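Source file: work30.cif; contents: mmCIF, C-alpha atoms.
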data_upload
#
loop_
_atom_site.label_atom_id
_atom_site.label_comp_id
_atom_site.auth_asym_id
_atom_site.auth_seq_id
_atom_site.Cartn_x
_atom_site.Cartn_y
_atom_site.Cartn_z
CA MET J 1 -32.16 50.29 3.54
CA ARG J 2 -28.71 51.67 3.39
CA ASP J 3 -26.32 50.87 0.53
CA GLN J 4 -23.92 49.05 2.82
CA ASP J 5 -26.74 46.65 3.77
CA LEU J 6 -27.09 45.60 0.12
CA THR J 7 -23.40 45.21 -0.58
CA PRO J 8 -22.33 41.56 -0.46
CA ASN J 9 -19.61 40.77 2.02
CA THR J 10 -16.65 39.58 -0.05
CA ALA J 11 -14.10 39.63 2.74
CA ALA J 12 -12.62 36.27 3.61
CA PRO J 13 -14.00 34.93 6.87
CA ASP J 14 -11.69 35.04 9.83
CA PRO J 15 -10.41 31.44 10.22
CA ALA J 16 -10.34 31.84 13.99
CA ALA J 17 -13.99 32.88 13.98
CA THR J 18 -15.20 30.05 11.75
CA SER J 19 -13.01 27.28 13.07
CA PRO J 20 -11.86 27.74 16.66
CA THR J 21 -10.63 24.17 16.78
CA GLY J 22 -9.18 24.00 13.26
CA ARG J 23 -5.72 23.05 14.51
CA GLY J 24 -7.17 20.46 16.88
CA VAL J 25 -9.22 18.91 14.07
CA LYS J 26 -6.13 18.68 11.86
CA ILE J 27 -4.17 17.03 14.66
CA ALA J 28 -7.04 14.64 15.36
CA LEU J 29 -7.23 13.74 11.67
CA ALA J 30 -3.48 13.10 11.48
CA VAL J 31 -3.60 10.96 14.63
CA SER J 32 -6.64 9.15 13.29
CA VAL J 33 -4.93 8.30 10.01
CA ALA J 34 -1.78 7.12 11.80
CA LEU J 35 -3.75 4.98 14.23
CA ASN J 36 -5.80 3.53 11.40
CA LEU J 37 -2.60 2.42 9.69
CA VAL J 38 -1.41 0.76 12.90
CA ILE J 39 -4.74 -1.00 13.39
CA VAL J 40 -4.87 -2.14 9.77
CA GLY J 41 -1.45 -3.70 10.31
CA LEU J 42 -2.57 -5.37 13.53
CA VAL J 43 -5.75 -6.75 12.02
CA ALA J 44 -4.04 -7.88 8.81
CA GLY J 45 -1.31 -9.56 10.81
CA ALA J 46 -3.85 -11.26 13.03
CA MET J 47 -5.68 -12.71 10.06
CA VAL J 48 -2.64 -14.01 8.22
CA LYS J 49 -1.74 -17.64 8.77
CA ASP J 50 1.75 -18.38 10.05
CA ALA J 51 2.67 -19.93 6.70
CA ALA J 52 2.27 -16.55 5.04
CA PHE J 53 5.41 -15.43 6.85
CA ALA J 54 7.59 -18.21 5.42
CA GLY J 55 10.69 -16.82 3.78
CA ARG J 56 9.90 -13.26 4.77
CA GLY J 57 11.41 -11.37 7.64
CA PRO J 58 9.76 -10.92 11.01
CA GLY J 59 8.60 -7.44 10.02
CA SER J 60 6.12 -8.74 7.50
CA MET J 61 3.11 -7.88 9.67
CA GLY J 62 3.62 -4.27 8.72
CA LEU J 63 3.96 -2.84 12.20
CA GLY J 64 7.60 -2.00 11.83
CA VAL J 65 10.18 -2.09 14.54
CA PHE J 66 7.83 -3.02 17.37
CA THR J 67 6.45 -6.12 15.68
CA GLU J 68 9.88 -7.06 14.34
CA ALA J 69 11.08 -7.33 17.93
CA PHE J 70 8.55 -10.04 18.77
CA SER J 71 9.66 -13.63 18.23
CA ARG J 72 7.82 -15.83 15.76
CA ASP J 73 6.03 -17.53 18.66
CA ASP J 74 5.09 -14.13 20.11
CA ARG J 75 3.60 -13.03 16.79
CA ARG J 76 1.68 -16.30 16.53
CA ALA J 77 0.27 -15.82 20.05
CA LEU J 78 -0.64 -12.19 19.31
CA ARG J 79 -2.45 -13.19 16.11
CA LYS J 80 -4.48 -15.75 18.05
CA ALA J 81 -5.32 -13.22 20.76
CA LEU J 82 -6.28 -10.60 18.19
CA ALA J 83 -8.39 -13.14 16.31
CA ALA J 84 -10.32 -13.67 19.55
CA GLU J 85 -11.00 -9.92 19.53
CA ALA J 86 -11.91 -9.91 15.82
CA PRO J 87 -15.64 -9.29 16.34
CA SER J 88 -14.83 -6.14 18.30
CA PHE J 89 -12.32 -5.03 15.67
CA ARG J 90 -14.77 -5.71 12.84
CA ALA J 91 -17.62 -3.86 14.53
CA THR J 92 -15.45 -0.84 15.24
CA ARG J 93 -14.02 -0.92 11.72
CA ALA J 94 -17.50 -1.09 10.18
CA SER J 95 -18.53 1.87 12.31
CA ALA J 96 -15.44 3.81 11.20
CA GLU J 97 -16.15 3.01 7.54
CA ALA J 98 -19.66 4.42 7.93
CA GLU J 99 -18.17 7.55 9.48
CA TYR J 100 -15.75 7.95 6.58
CA ALA J 101 -18.76 7.84 4.26
CA ALA J 102 -20.41 10.51 6.42
CA LEU J 103 -17.22 12.59 6.29
CA ILE J 104 -17.03 12.35 2.50
CA ALA J 105 -20.68 13.38 2.22
CA ALA J 106 -20.10 16.30 4.59
CA LEU J 107 -17.03 17.43 2.63
CA ARG J 108 -19.07 17.44 -0.59
CA ALA J 109 -22.16 19.09 0.90
CA GLU J 110 -23.30 22.46 -0.36
CA PRO J 111 -23.61 24.47 1.68
CA PHE J 112 -20.53 23.20 3.48
CA ASP J 113 -21.30 22.08 7.02
CA GLU J 114 -18.25 22.42 9.27
CA ILE J 115 -20.10 20.94 12.21
CA ALA J 116 -20.87 17.75 10.27
CA VAL J 117 -17.21 17.45 9.21
CA LYS J 118 -16.01 17.93 12.78
CA ALA J 119 -18.54 15.44 14.11
CA ALA J 120 -17.54 12.79 11.56
CA LEU J 121 -13.84 13.34 12.32
CA SER J 122 -14.54 12.99 16.03
CA ARG J 123 -16.42 9.73 15.50
CA ILE J 124 -13.62 8.39 13.25
CA ALA J 125 -11.04 9.29 15.89
CA ALA J 126 -13.12 7.60 18.60
CA ALA J 127 -13.42 4.40 16.54
CA THR J 128 -9.68 4.46 15.88
CA VAL J 129 -8.92 4.92 19.56
CA THR J 130 -11.20 1.98 20.35
CA GLN J 131 -9.35 -0.22 17.86
CA LEU J 132 -5.98 0.91 19.14
CA GLN J 133 -7.07 0.25 22.72
CA LEU J 134 -8.10 -3.31 21.85
CA GLY J 135 -4.77 -3.94 20.14
CA ARG J 136 -2.82 -2.33 22.96
CA GLU J 137 -4.62 -4.48 25.53
CA VAL J 138 -3.70 -7.66 23.65
CA ILE J 139 -0.07 -6.61 23.28
CA GLU J 140 0.10 -5.39 26.87
CA ALA J 141 -1.28 -8.66 28.23
CA HIS J 142 1.26 -10.57 26.18
CA LEU J 143 4.18 -8.43 27.36
CA LEU J 144 3.12 -8.63 31.00
CA ALA J 145 2.78 -12.42 30.82
CA MET J 146 6.24 -12.93 29.29
CA PRO J 147 8.76 -14.80 31.39
CA THR J 148 11.70 -12.62 32.40
CA ALA J 149 14.10 -14.18 29.88
CA ASP J 150 11.65 -13.66 27.00
CA ARG J 151 10.90 -10.10 28.10
CA LEU J 152 14.61 -9.26 28.26
CA ALA J 153 15.18 -10.85 24.84
CA PHE J 154 12.29 -8.79 23.44
CA ALA J 155 13.75 -5.61 24.93
CA LYS J 156 17.13 -6.39 23.34
CA ARG J 157 15.57 -7.08 19.92
CA LEU J 158 13.53 -3.89 20.15
CA GLU J 159 16.60 -1.87 21.10
CA THR J 160 18.62 -3.42 18.25
CA ARG J 161 15.96 -2.63 15.68
CA LEU J 162 15.59 0.92 16.94
CA ASP J 163 19.36 1.41 16.75
CA ARG J 164 19.34 0.20 13.11
CA ARG J 165 16.87 2.91 12.17
CA LYS J 166 19.01 5.77 13.45
#

Represent the structure contained in this file as structure tokens.
Amino acid sequence: MRDQDLTPNTAAPDPAATSPTGRGVKIALAVSVALNLVIVGLVAGAMVKDAAFAGRGPGSMGLGVFTEAFSRDDRRALRKALAAEAPSFRATRASAEAEYAALIAALRAEPFDEIAVKAALSRIAAATVTQLQLGREVIEAHLLAMPTADRLAFAKRLETRLDRRK
């Protein structure tokens, strides 16, 4: 054997060679976290009784400007519609929680397994997209069913709240 064959390779691995989708994974993780926060707000809002909003502003569901623009009756209707979807939300959430556990295990694994981390992140992102899709469908159905006057009032409230944040 030659000496160079016995010399350990101490050079840092080329990030492009070890992680061709590193940027994509980071973006997917950021999107996943953001979507999880939105879904947590949707689910929490759906589970809260109307009385819990007494004395607090319309933004108390935690979804910010979009939810603030809905009327109290709209929010009540959305909570009921989301509650009807609760089994789907719970199943997807339970699946995502299992994937977070898999991600944590993969992050701690020695030797480190990039493929396991990427796979867990992909499954988390997929669960998040599923939750977001369910929430979007409920909100979309509500918006599309609004009478013209209610829809225009919603648009005005949304615009006003967006203008306040500038």

Which of these, J:Gln131, J:Thr160, J:Thr148, J:Thr67, has the shortest distance to J:Ser88 once you count only C-alpha atoms?
->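 The closest residue to J:Ser88 is J:Gln131.
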
Have a look at J:Gln133, J:Thr92, J:Ala120, J:His142 and name the one nearest to J:Ala105; count only C-alpha atoms.
-> J:Ala120

With the file shown as input, list the residues that the PyMOL selection byres ((chain J and resi 154) around 12) selects, as a ChimeraX atom specification.
-> /J:65-75,142-144,146-153,155-161

Selected by the PyMOL selection byres ((chain J and resi 116) around 12) in the shown coordinates: which residues, as a list in words?
-> Glu99, Tyr100, Ala101, Ala102, Leu103, Ile104, Ala105, Ala106, Leu107, Arg108, Ala109, Glu110, Pro111, Phe112, Asp113, Glu114, Ile115, Val117, Lys118, Ala119, Ala120, Leu121, Ser122 and Arg123 of chain J

Quick one: write out the picked residues with C-alpha atoms as a PDB file, in the coordinates of the input?
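File produced: again_25.pdb:
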ATOM      1  CA  GLU J  99     -18.170   7.550   9.480  1.00  0.00           C
ATOM      2  CA  TYR J 100     -15.750   7.950   6.580  1.00  0.00           C
ATOM      3  CA  ALA J 101     -18.760   7.840   4.260  1.00  0.00           C
ATOM      4  CA  ALA J 102     -20.410  10.510   6.420  1.00  0.00           C
ATOM      5  CA  LEU J 103     -17.220  12.590   6.290  1.00  0.00           C
ATOM      6  CA  ILE J 104     -17.030  12.350   2.500  1.00  0.00           C
ATOM      7  CA  ALA J 105     -20.680  13.380   2.220  1.00  0.00           C
ATOM      8  CA  ALA J 106     -20.100  16.300   4.590  1.00  0.00           C
ATOM      9  CA  LEU J 107     -17.030  17.430   2.630  1.00  0.00           C
ATOM     10  CA  ARG J 108     -19.070  17.440  -0.590  1.00  0.00           C
ATOM     11  CA  ALA J 109     -22.160  19.090   0.900  1.00  0.00           C
ATOM     12  CA  GLU J 110     -23.300  22.460  -0.360  1.00  0.00           C
ATOM     13  CA  PRO J 111     -23.610  24.470   1.680  1.00  0.00           C
ATOM     14  CA  PHE J 112     -20.530  23.200   3.480  1.00  0.00           C
ATOM     15  CA  ASP J 113     -21.300  22.080   7.020  1.00  0.00           C
ATOM     16  CA  GLU J 114     -18.250  22.420   9.270  1.00  0.00           C
ATOM     17  CA  ILE J 115     -20.100  20.940  12.210  1.00  0.00           C
ATOM     18  CA  VAL J 117     -17.210  17.450   9.210  1.00  0.00           C
ATOM     19  CA  LYS J 118     -16.010  17.930  12.780  1.00  0.00           C
ATOM     20  CA  ALA J 119     -18.540  15.440  14.110  1.00  0.00           C
ATOM     21  CA  ALA J 120     -17.540  12.790  11.560  1.00  0.00           C
ATOM     22  CA  LEU J 121     -13.840  13.340  12.320  1.00  0.00           C
ATOM     23  CA  SER J 122     -14.540  12.990  16.030  1.00  0.00           C
ATOM     24  CA  ARG J 123     -16.420   9.730  15.500  1.00  0.00           C
TER      25      ARG J 123
END

What separation in Å, quoted to one decimal, exists between atom CA of J:Pro87 and atom CA of J:Ala127?
->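 Rounded to one decimal, the two atoms are 13.9 Å apart.
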
Do you have the atom CA of J:Glu85-atom CA of J:Ala98 distance handy?
->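 A separation of 20.4 Å between them.
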
Just how far from atom CA of J:Leu132 is atom CA of J:Ala94, in Å to one decimal?
-> 14.7 Å

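Taking only C-alpha atoms into account, J:Ala83 lies nearest to J:Leu134 out of the set J:Leu134, J:Leu162, J:Ala126, J:Ala141.
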
Considering all atoms listed in the file, state which residue in the set J:Ala145, J:Arg76, J:Ala91, J:Ala81 is at the smallest distance from J:Thr130.
-> J:Ala91
